[in-house]
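Participant: I have a structure I would like to understand better, so I am pasting it below and will then ask my questions one at a time.
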Amino acid sequence: MSVHDVLDVDAVPDGGHAVVTVEGKSIGIYRLGDSFYAINNYCPHQGAPMCAGLVSGTTLPSGVYEYEYGKAGEIIRCPWHGWEFDIRTGKSLFSEKIWVKTYKVIVEDGRVHVDMDRK
């Protein structure tokens with residue numbers, strides 16, 4: 001198991017993120033409430049630094065001429081071409097075949113740890 005202690009929980013405010021380097025990889029650590037998520041800071045499209053992208057929400061399935069906004073603060077948009085991904089899962093919003101790699105996060109004794117071997 002390759003678990004790395006990366007930062008203190010207080011280093012990331014709710015709704016914020018920090019970028020760390022683990023095993024030579026740039027990883028974004030995102031905090032949504034009391035939960036932490038880790039994603040690869042590399043867009044699968046053309047390698048943009050994902051963590052430089054806007055974090056927002058998205059429109060949800062709704063009726064004709066209706067626009068329901070949701071998932072506020074849970075969606076990251078690639079800064080180069082606007083591809084959108086769910087921070088919690090890494091899944092893209094537009095294709096089942098495209099995703100950003102995610103890593104398991106363990107919070108223990110006020111510290112955030114990233115497990116590079118498990119999702």
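Letters for chains follow the order of the structure tokens (A, B, ...), residue numbers begin at 1 for each chain, and ligand numbers begin at 1 in the order shown.
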Write out as number ranges by chain the set of residues from chain A that DSSP, computed on the backbone, places in strand (DSSP E or B).
Facilitator: A: 3-8, 17-22, 25-32, 35-40, 55-60, 68-77, 84-86, 91-92, 99, 102-108, 111-115
Participant: Need the shell around Ile75 in chain A: protein/DNA/RNA residues with any atom at most 9 Å away, counting only C-alpha atoms. Skip same-chain ones fewer than 5 positions apart. Format as a VMD selection string?
Facilitator: chain A and resid 54 to 58 84 to 88 93
Participant: Restricting the calculation to only C-alpha atoms, which member of A:Asp115, A:Gln46, A:Thr59, A:Lys101 is positioned closest to Trp83 in chain A?
Facilitator: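 Residue with the minimum atom-to-atom distance to Trp83 in chain A: A:Gln46.
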Participant: For a test of reading the model, state the distance in Å between CA of Ala72 in chain A and CA of Leu60 in chain A, rounded to one decimal.
Facilitator: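 Separating CA of Ala72 in chain A from CA of Leu60 in chain A is a distance of 10.9 Å.
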Participant: Here is a test: counting only C-alpha atoms, which residue of A:Glu66, A:His113, A:Cys78, A:Lys71 is nearest to Ile29 in chain A?
Facilitator: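 Using only C-alpha atoms, the shortest distance to Ile29 in chain A belongs to A:His113.
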Participant: So which one's closest to Val9 in chain A, A:Asp34, A:Glu68, A:Glu74, A:Asp117? Using only C-alpha atoms, please.
Facilitator: A:Asp34
Participant: Would you please work out which residue, of A:Gly90, A:Leu32, A:Ala48, A:Ala38, is nearest to Val6 in chain A when using only C-alpha atoms?
Facilitator: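 Smallest distance to Val6 in chain A is found for A:Ala38.
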Participant: Dump as CSV the rows for residues of range 12-88 of chain A within 10 Å of range 106-109 of chain A: closest atom pair and distance in Å with one decimal, only C-alpha atoms counted, ordered by chain and rising residue number.
Facilitator:
```
residue,atom,partner,partner_atom,distance
A:Asp34,CA,A:Val107,CA,9.8
A:Ser35,CA,A:Val107,CA,8.7
A:Phe36,CA,A:Val107,CA,7.9
A:Tyr37,CA,A:Ile106,CA,9.2
```
Participant: Keeping only N, CA, C and O atoms, write the selected residues as a tab-separated table (two decimals), in the first residue's frame.
Facilitator:
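Generated output (out.tsv):
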```tsv
chain	number	residue	atom	x	y	z
A	34	ASP	N	-17.00	18.09	4.84
A	34	ASP	CA	-16.03	17.36	5.65
A	34	ASP	C	-15.31	16.27	4.86
A	34	ASP	O	-14.52	15.52	5.42
A	35	SER	N	-15.60	16.15	3.57
A	35	SER	CA	-15.00	15.09	2.74
A	35	SER	C	-13.90	15.65	1.85
A	35	SER	O	-13.98	16.79	1.38
A	36	PHE	N	-12.89	14.83	1.62
A	36	PHE	CA	-11.76	15.19	0.76
A	36	PHE	C	-11.70	14.24	-0.42
A	36	PHE	O	-11.99	13.05	-0.29
A	37	TYR	N	-11.30	14.76	-1.58
A	37	TYR	CA	-11.20	13.98	-2.81
A	37	TYR	C	-9.88	14.32	-3.48
A	37	TYR	O	-9.42	15.46	-3.40
```
Participant: Can you tell me, as an MDAnalysis selection string, what residues are no more than 10 Å from Gly28 in chain A when counting only C-alpha atoms, ignoring any on the same chain fewer than 3 positions away?
Facilitator: chainID A and resid 17:21 25 31 37:42 49:52 87 102:103
Participant: Just give me the gap between CA of Arg111 in chain A and CA of Asp10 in chain A in Å, one decimal is fine.
Facilitator: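 A separation of 8.5 Å between them.
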Participant: Contacts of Pro44 in chain A at 8 Å or less, counting only C-alpha atoms, minus same-chain residues fewer than 3 places along, as a list in words?
Facilitator: Gly47, Ile98, Trp99 and Val100 of chain A
Participant: Can you measure CA of Tyr30 in chain A to CA of Cys43 in chain A for me? One decimal in Å is fine.
Facilitator: 15.9 Å
